[in-house]
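A.B. asks: My file is final10.cif. It has mmCIF, C-alpha atoms:
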```cif
data_structure
#
loop_
_atom_site.label_atom_id
_atom_site.label_comp_id
_atom_site.auth_asym_id
_atom_site.auth_seq_id
_atom_site.Cartn_x
_atom_site.Cartn_y
_atom_site.Cartn_z
CA SER A 1 18.05 28.92 -24.38
CA VAL A 2 17.65 26.55 -21.45
CA PHE A 3 21.35 25.68 -21.74
CA GLU A 4 22.34 29.35 -21.37
CA ASN A 5 19.91 29.78 -18.48
CA MET A 6 21.48 26.88 -16.55
CA ALA A 7 25.03 27.92 -17.46
CA PHE A 8 24.63 31.59 -16.51
CA GLY A 9 25.95 31.31 -12.95
CA LEU A 10 29.01 29.37 -14.09
CA LYS A 11 29.78 31.90 -16.84
CA LEU A 12 29.73 34.69 -14.26
CA ARG A 13 32.31 32.72 -12.24
CA LYS A 14 34.52 32.38 -15.36
CA PHE A 15 34.36 28.57 -15.60
CA PRO A 16 35.96 27.04 -18.73
CA LYS A 17 33.47 26.30 -21.54
CA ASP A 18 34.10 22.55 -21.52
CA GLU A 19 33.52 22.40 -17.73
CA ILE A 20 30.29 24.41 -18.12
CA LYS A 21 29.06 22.01 -20.82
CA ARG A 22 29.97 18.95 -18.73
CA ARG A 23 28.10 20.26 -15.66
CA VAL A 24 25.01 21.40 -17.57
CA ASP A 25 24.81 18.12 -19.50
CA GLU A 26 25.13 16.12 -16.24
CA ALA A 27 22.42 18.19 -14.49
CA ALA A 28 20.14 17.87 -17.54
CA ARG A 29 20.63 14.09 -17.50
CA ILE A 30 19.82 13.89 -13.77
CA LEU A 31 16.66 15.97 -14.25
CA ASP A 32 15.65 14.32 -17.54
CA ILE A 33 15.61 17.63 -19.44
CA ALA A 34 18.45 16.97 -21.93
CA PRO A 35 16.09 17.21 -24.95
CA LEU A 36 15.01 20.68 -23.78
CA LEU A 37 18.43 22.38 -23.64
CA GLU A 38 18.03 24.23 -26.94
CA ARG A 39 14.49 25.44 -26.23
CA LYS A 40 13.56 28.88 -24.94
CA PRO A 41 12.43 28.88 -21.28
CA ARG A 42 9.10 30.48 -22.27
CA ALA A 43 8.33 27.40 -24.41
CA LEU A 44 8.47 25.11 -21.36
CA SER A 45 5.67 23.89 -19.09
CA GLY A 46 5.54 24.83 -15.40
CA GLY A 47 7.08 21.53 -14.32
CA GLN A 48 9.88 21.78 -16.89
CA ARG A 49 10.70 25.33 -15.76
CA GLN A 50 10.87 24.08 -12.20
CA ARG A 51 13.41 21.43 -13.23
CA VAL A 52 15.48 24.02 -15.12
CA ALA A 53 15.57 26.14 -11.94
CA MET A 54 16.81 23.09 -10.01
CA GLY A 55 19.40 22.47 -12.72
CA ARG A 56 20.67 26.03 -12.37
CA ALA A 57 21.44 25.23 -8.72
CA ILE A 58 22.80 21.72 -9.32
CA VAL A 59 25.52 22.86 -11.76
CA ARG A 60 27.12 24.86 -8.95
CA ASN A 61 27.54 21.72 -6.78
CA PRO A 62 26.22 23.41 -3.64
CA LYS A 63 26.50 21.81 -0.21
CA VAL A 64 23.02 23.06 0.71
CA PHE A 65 19.91 23.59 -1.45
CA LEU A 66 17.19 26.03 -0.40
CA PHE A 67 13.75 25.34 -1.88
CA ASP A 68 11.21 28.05 -1.04
CA GLU A 69 7.74 26.64 -1.81
CA PRO A 70 8.89 25.30 -5.20
CA LEU A 71 5.66 23.43 -6.01
CA SER A 72 3.06 26.02 -5.03
CA ASN A 73 2.38 27.15 -8.62
CA LEU A 74 2.04 23.66 -10.09
CA ASP A 75 -1.22 21.75 -10.59
CA ALA A 76 -1.97 18.78 -8.31
CA LYS A 77 -0.70 16.00 -10.62
CA LEU A 78 2.49 17.87 -11.47
CA ARG A 79 3.06 18.62 -7.79
CA VAL A 80 3.13 14.91 -6.95
CA GLN A 81 5.42 14.18 -9.90
CA THR A 82 7.88 16.99 -9.11
CA ARG A 83 7.86 16.02 -5.42
CA ALA A 84 9.09 12.57 -6.41
CA GLU A 85 11.76 14.10 -8.66
CA ILE A 86 13.09 16.23 -5.80
CA LEU A 87 13.25 13.15 -3.55
CA ARG A 88 15.21 11.23 -6.21
CA LEU A 89 17.48 14.23 -6.65
CA HIS A 90 18.14 14.39 -2.90
CA ALA A 91 19.01 10.68 -2.80
CA ARG A 92 21.34 11.03 -5.79
CA LEU A 93 23.18 14.21 -4.78
CA LYS A 94 23.35 13.42 -1.05
CA ALA A 95 23.24 17.14 -0.29
CA THR A 96 21.34 18.89 2.50
CA VAL A 97 18.02 20.35 1.35
CA VAL A 98 16.26 23.05 3.36
CA TYR A 99 12.69 23.00 2.07
CA VAL A 100 10.15 25.67 3.03
CA THR A 101 6.48 24.80 2.59
CA HIS A 102 3.02 25.55 3.96
CA ASP A 103 1.81 22.15 2.72
CA GLN A 104 2.11 19.60 5.51
CA VAL A 105 1.72 16.71 3.04
CA GLU A 106 4.91 17.90 1.32
CA ALA A 107 6.63 18.18 4.69
CA MET A 108 5.55 14.69 5.78
CA THR A 109 6.40 12.94 2.52
CA MET A 110 9.69 14.71 1.83
CA GLY A 111 11.19 15.61 5.21
CA THR A 112 13.85 13.60 6.99
CA ARG A 113 13.36 16.04 9.85
CA ILE A 114 10.65 18.67 10.08
CA ALA A 115 10.81 22.00 11.90
CA VAL A 116 7.33 23.41 12.50
CA MET A 117 7.16 27.20 12.79
CA HIS A 118 4.23 29.32 14.00
CA ARG A 119 4.35 33.12 13.97
CA GLY A 120 8.13 33.01 13.76
CA VAL A 121 8.52 30.67 16.76
CA LEU A 122 9.86 27.13 16.46
CA GLN A 123 7.22 24.73 17.81
CA GLN A 124 8.83 21.30 17.36
CA VAL A 125 11.64 19.58 15.47
CA GLY A 126 11.60 15.86 14.74
CA THR A 127 11.05 13.11 12.22
CA PRO A 128 7.67 13.01 10.46
CA GLN A 129 6.72 10.01 12.62
CA GLU A 130 7.61 11.83 15.86
CA LEU A 131 5.54 14.87 14.92
CA TYR A 132 2.61 12.68 13.86
CA GLU A 133 2.62 10.40 16.92
CA THR A 134 3.74 12.79 19.68
CA PRO A 135 2.95 16.41 18.74
CA ALA A 136 4.43 18.88 21.23
CA ASN A 137 1.37 21.11 21.30
CA ARG A 138 -2.06 21.81 19.88
CA PHE A 139 -0.71 23.74 16.88
CA VAL A 140 1.57 20.92 15.71
CA ALA A 141 -1.22 18.38 16.29
CA GLY A 142 -3.60 20.35 14.09
CA PHE A 143 -1.01 21.07 11.39
CA ILE A 144 0.53 17.62 10.91
CA GLY A 145 -1.73 14.97 9.38
CA SER A 146 -4.27 15.00 6.56
CA PRO A 147 -7.18 15.20 7.24
CA ALA A 148 -6.34 17.29 10.30
CA MET A 149 -6.61 15.91 13.83
CA ASN A 150 -9.96 16.36 15.56
CA LEU A 151 -9.41 18.86 18.41
CA VAL A 152 -12.20 19.56 20.90
CA GLU A 153 -12.40 21.57 24.12
CA ALA A 154 -13.60 19.13 26.77
CA THR A 155 -14.57 19.31 30.43
CA VAL A 156 -13.11 16.81 32.89
CA ALA A 157 -15.10 15.08 35.64
CA ASP A 158 -13.52 12.22 37.59
CA SER A 159 -12.10 9.90 34.89
CA ALA A 160 -14.32 11.10 32.03
CA ILE A 161 -14.13 13.91 29.48
CA SER A 162 -17.19 15.46 27.85
CA PHE A 163 -17.81 17.72 24.87
CA GLY A 164 -21.11 18.42 23.11
CA ASN A 165 -23.18 15.24 23.33
CA VAL A 166 -20.11 13.01 23.66
CA SER A 167 -18.67 11.52 26.83
CA MET A 168 -15.53 9.38 27.01
CA ARG A 169 -14.69 7.38 30.13
CA LEU A 170 -10.97 6.79 30.58
CA GLY A 171 -8.81 4.48 32.61
CA GLY A 172 -5.17 3.86 33.48
CA ALA A 173 -2.54 6.31 32.25
CA ARG A 174 -5.06 8.39 30.24
CA ALA A 175 -7.17 9.05 33.35
CA ALA A 176 -4.04 9.80 35.40
CA ALA A 177 -2.81 12.34 32.82
CA ILE A 178 -5.87 14.59 33.24
CA LYS A 179 -6.42 14.04 36.99
CA GLY A 180 -6.98 17.32 38.85
CA ARG A 181 -7.87 19.29 35.72
CA SER A 182 -11.26 20.81 34.98
CA ALA A 183 -10.75 21.20 31.23
CA VAL A 184 -8.46 19.92 28.46
CA VAL A 185 -8.26 19.95 24.69
CA ALA A 186 -8.72 16.38 23.46
CA GLY A 187 -7.35 15.28 20.09
CA PHE A 188 -7.75 12.17 17.96
CA ARG A 189 -7.07 11.57 14.29
CA PRO A 190 -9.84 10.80 11.76
CA GLU A 191 -7.98 7.69 10.55
CA HIS A 192 -7.85 6.25 14.09
CA LEU A 193 -11.64 6.03 14.35
CA ARG A 194 -13.08 2.78 13.06
CA ILE A 195 -16.69 1.85 12.37
CA GLY A 196 -17.99 -0.81 14.73
CA ALA A 197 -18.74 -1.55 18.36
CA ALA A 198 -15.97 -0.86 20.88
CA SER A 199 -14.20 -3.91 22.26
CA GLY A 200 -11.69 -4.41 25.06
CA ASP A 201 -10.52 -1.06 26.41
CA GLU A 202 -11.66 0.88 23.32
CA ILE A 203 -13.77 4.02 23.67
CA GLY A 204 -17.18 3.81 21.99
CA LEU A 205 -18.95 6.69 20.22
CA ALA A 206 -22.19 6.94 18.25
CA LEU A 207 -22.49 10.01 16.02
CA GLU A 208 -24.68 11.11 13.13
CA ALA A 209 -23.08 11.49 9.69
CA ASP A 210 -23.82 15.00 8.45
CA VAL A 211 -21.72 14.90 5.25
CA VAL A 212 -20.16 11.86 3.53
CA GLU A 213 -17.26 12.37 1.11
CA TYR A 214 -16.67 9.26 -0.98
CA LEU A 215 -12.95 8.94 -1.84
CA GLY A 216 -12.91 5.53 -3.53
CA ALA A 217 -11.30 3.12 -1.08
CA GLN A 218 -12.21 5.38 1.84
CA GLU A 219 -14.96 7.69 3.03
CA LEU A 220 -14.46 10.92 4.97
CA LEU A 221 -17.35 11.30 7.39
CA HIS A 222 -18.31 14.67 8.88
CA LEU A 223 -20.00 13.78 12.17
CA SER A 224 -22.25 15.92 14.37
CA SER A 225 -21.00 15.97 17.96
CA GLY A 226 -22.81 18.99 19.40
CA ALA A 227 -19.39 20.67 19.72
CA GLY A 228 -18.61 21.13 16.04
CA ASP A 229 -17.88 18.65 13.28
CA LEU A 230 -15.68 15.63 13.89
CA LEU A 231 -14.01 13.80 11.01
CA ALA A 232 -13.64 10.04 10.58
CA LEU A 233 -11.68 8.48 7.73
CA VAL A 234 -13.09 4.98 7.32
CA ASN A 235 -13.19 2.09 4.87
CA ALA A 236 -15.66 2.80 2.06
CA THR A 237 -17.09 -0.73 2.16
CA HIS A 238 -19.49 0.50 4.86
CA ARG A 239 -21.09 2.93 2.35
CA THR A 240 -22.37 5.32 5.00
CA SER A 241 -25.30 7.56 4.05
CA ARG A 242 -26.04 11.07 5.25
CA GLY A 243 -28.14 10.92 8.41
CA ASP A 244 -26.89 7.46 9.48
CA ARG A 245 -26.02 7.06 13.14
CA VAL A 246 -22.53 5.60 13.02
CA PRO A 247 -21.02 3.44 15.81
CA LEU A 248 -17.30 4.24 16.18
CA ALA A 249 -14.46 2.90 18.28
CA LEU A 250 -11.21 4.58 19.32
CA SER A 251 -8.20 3.10 21.08
CA PRO A 252 -7.27 5.12 24.22
CA SER A 253 -3.62 5.05 23.06
CA GLN A 254 -4.65 7.20 20.07
CA LEU A 255 -6.15 9.92 22.27
CA HIS A 256 -4.05 13.08 22.85
CA PHE A 257 -4.53 15.76 25.51
CA PHE A 258 -3.39 19.38 25.44
CA ASP A 259 -3.47 22.08 28.10
CA ALA A 260 -6.62 24.18 27.61
CA VAL A 261 -4.69 27.45 28.16
CA THR A 262 -1.14 26.95 26.84
CA GLY A 263 -1.89 24.27 24.24
CA ALA A 264 1.12 22.22 25.40
CA ALA A 265 0.83 18.43 25.19
CA ILE A 266 -0.10 16.60 28.38
CA ARG A 267 1.91 13.40 28.56
#
```
Spit out the file's structure as structure tokens when you get a sec.

C.D. replies:
Amino acid sequence: SVFENMAFGLKLRKFPKDEIKRRVDEAARILDIAPLLERKPRALSGGQRQRVAMGRAIVRNPKVFLFDEPLSNLDAKLRVQTRAEILRLHARLKATVVYVTHDQVEAMTMGTRIAVMHRGVLQQVGTPQELYETPANRFVAGFIGSPAMNLVEATVADSAISFGNVSMRLGGARAAAIKGRSAVVAGFRPEHLRIGAASGDEIGLALEADVVEYLGAQELLHLSSGAGDLLALVNATHRTSRGDRVPLALSPSQLHFFDAVTGAAIR
């Protein structure tokens, strides 16, 4: 039964029966699986089995939990639900959770601090906000954020960068950051592009919409730049059509630069 499954580790450690029952009942209450304790594990859904596995760890009162891609086998709706349950569990138990995932949305929504690894090498450690706003290199920039950051290889001439049929003229600190370079990787997030004419110190772009993905409140535009697709996540009230030439504006403060060879961020 589920009860025996959760109690197994405690039985091996020779805990008294009343203590085992107390701990299993408490874990089942926390995870909202008390009605399932007499069922067989094979009779449970994927999400319920996941909670039983968590319960098996909780009854041991560990100081550290290790979750190794616990949601990868669940469907999308159940993934969101179980993600919330793990967050509630973390808040209630006040224990350290080391959570391994390839899903950056899980990392961003669940992590207090995130360590980004690439080919076994630590790339950056920080809060979700730090990784989102100031990625240490091109890999972190492309990994954190959904949809992913637009990253383009650009040539530098005076205070302007160019890629495909796009040219961006820069001023102030942004121009100073790339001074003396012949090439950089430029990055900007789809959600930081807005439809409309540039105003003030904003950078203006005009690109053709190749594909439009309607998401309800938002639209994800795939834009032809001559140097590969660029993505823009915009308000759906514009109702962009395929083939439209779309005027876009970007704040210079939302533009990132990375070394064209090493990929390291240029501050």

A.B. asks: Compile the contact shell of Phe139 in chain A as a ChimeraX atom specification: residues with an atom at most 9 Å away, counting all atoms listed in the file, same-chain residues fewer than 6 positions apart removed.

C.D. replies: /A:118,123,263-264

A.B. asks: Between CA of Gly55 in chain A and CA of Gln104 in chain A, what is the spacing in Å?

C.D. replies: 25.3 Å

A.B. asks: Tell me which protein, DNA and RNA residues are within 12 Å of Gln129 in chain A, counting all atoms listed in the file, leaving out same-chain ones fewer than 3 positions away, and put them as a compact mmCIF listing (two decimals) with C-alpha atoms, in the coordinates of the input.

C.D. replies:
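Produced file out_22.txt, reproduced below:
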```txt
# COMPACT_ATOMS: atom_id res chain seq x y z
CA ALA A 107 6.63 18.18 4.69
CA MET A 108 5.55 14.69 5.78
CA THR A 109 6.40 12.94 2.52
CA GLY A 111 11.19 15.61 5.21
CA THR A 112 13.85 13.60 6.99
CA ARG A 113 13.36 16.04 9.85
CA ILE A 114 10.65 18.67 10.08
CA VAL A 125 11.64 19.58 15.47
CA GLY A 126 11.60 15.86 14.74
CA TYR A 132 2.61 12.68 13.86
CA GLU A 133 2.62 10.40 16.92
CA THR A 134 3.74 12.79 19.68
CA PRO A 135 2.95 16.41 18.74
CA ILE A 144 0.53 17.62 10.91
CA GLY A 145 -1.73 14.97 9.38
```

A.B. asks: Please evaluate the PyMOL selection byres ((chain A and resi 261) around 10) against the structure above and give the resulting residues as a PyMOL selection string.

C.D. replies: chain A and resi 183-185+258-260+262-264

A.B. asks: Could you check how far CA of Ala227 in chain A sits from CA of Glu130 in chain A, in Å to one decimal?

C.D. replies: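 Taking CA of Ala227 in chain A as the start and CA of Glu130 in chain A as the end point, the length is 28.7 Å.
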
A.B. asks: Residues near Glu213 in chain A, anyone? I mean within 10 Å using only C-alpha atoms, not counting same-chain ones fewer than 5 positions away, as a PyMOL selection string.

C.D. replies: chain A and resi 218-222+233+236+240-242

A.B. asks: So that I have them on file, write out the residues from the current selection with C-alpha atoms, as a PDB file, in the frame of the given file.

C.D. replies:
```pdb
ATOM      1  CA  GLN A 218     -12.210   5.380   1.840  1.00  0.00           C
ATOM      2  CA  GLU A 219     -14.960   7.690   3.030  1.00  0.00           C
ATOM      3  CA  LEU A 220     -14.460  10.920   4.970  1.00  0.00           C
ATOM      4  CA  LEU A 221     -17.350  11.300   7.390  1.00  0.00           C
ATOM      5  CA  HIS A 222     -18.310  14.670   8.880  1.00  0.00           C
ATOM      6  CA  LEU A 233     -11.680   8.480   7.730  1.00  0.00           C
ATOM      7  CA  ALA A 236     -15.660   2.800   2.060  1.00  0.00           C
ATOM      8  CA  THR A 240     -22.370   5.320   5.000  1.00  0.00           C
ATOM      9  CA  SER A 241     -25.300   7.560   4.050  1.00  0.00           C
ATOM     10  CA  ARG A 242     -26.040  11.070   5.250  1.00  0.00           C
TER      11      ARG A 242
END
```

A.B. asks: Would you pick out the contacts of range 189-197 of chain A at 9 Å or less, using only C-alpha atoms, so that residues sharing its chain but fewer than 5 positions from it are not included, and give the list as a PyMOL selection string?

C.D. replies: chain A and resi 145-151+202+204-205+220-221+230-235+238+246-251+254-255

A.B. asks: Which residues match the PyMOL selection byres ((chain A and resi 82) around 12) in the file above, as an MDAnalysis selection string?

C.D. replies: chainID A and resid 31:32 46:52 54 70:81 83:89 106 110

A.B. asks: Evaluate the PyMOL selection byres ((chain A and resi 94) around 12) against this structure - the residues, as a PyMOL selection string, please.

C.D. replies: chain A and resi 58+61-65+86-93+95-97

A.B. asks: Can you write just those residues out, C-alpha atoms, as a tab-separated table (two decimals), in the frame of the given file?

C.D. replies:
```
chain	number	residue	atom	x	y	z
A	58	ILE	CA	22.80	21.72	-9.32
A	61	ASN	CA	27.54	21.72	-6.78
A	62	PRO	CA	26.22	23.41	-3.64
A	63	LYS	CA	26.50	21.81	-0.21
A	64	VAL	CA	23.02	23.06	0.71
A	65	PHE	CA	19.91	23.59	-1.45
A	86	ILE	CA	13.09	16.23	-5.80
A	87	LEU	CA	13.25	13.15	-3.55
A	88	ARG	CA	15.21	11.23	-6.21
A	89	LEU	CA	17.48	14.23	-6.65
A	90	HIS	CA	18.14	14.39	-2.90
A	91	ALA	CA	19.01	10.68	-2.80
A	92	ARG	CA	21.34	11.03	-5.79
A	93	LEU	CA	23.18	14.21	-4.78
A	95	ALA	CA	23.24	17.14	-0.29
A	96	THR	CA	21.34	18.89	2.50
A	97	VAL	CA	18.02	20.35	1.35
```

A.B. asks: Counting all atoms listed in the file, which of A:Gly200, A:Gly9, A:Pro41, A:Pro252 gets nearest to Met168 in chain A?

C.D. replies: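 Smallest separation from Met168 in chain A among the options: A:Pro252.
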
A.B. asks: Would you work out the distance separating CA of Arg245 in chain A from CA of Glu208 in chain A, expressed in Å to one decimal?

C.D. replies: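 Rounded to one decimal, the two atoms are 4.3 Å apart.
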
A.B. asks: From the list A:Gly171, A:Pro128, A:Gly164, A:Gly187, which residue is nearest Leu223 in chain A when using all atoms listed in the file?

C.D. replies: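 Under the stated criterion, the closest residue is A:Gly164.
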
A.B. asks: Counting all atoms listed in the file, which of A:Phe257, A:Gly243, A:Arg174, A:Gly228 gets nearest to Phe188 in chain A?

C.D. replies: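 Residue with the minimum atom-to-atom distance to Phe188 in chain A: A:Phe257.
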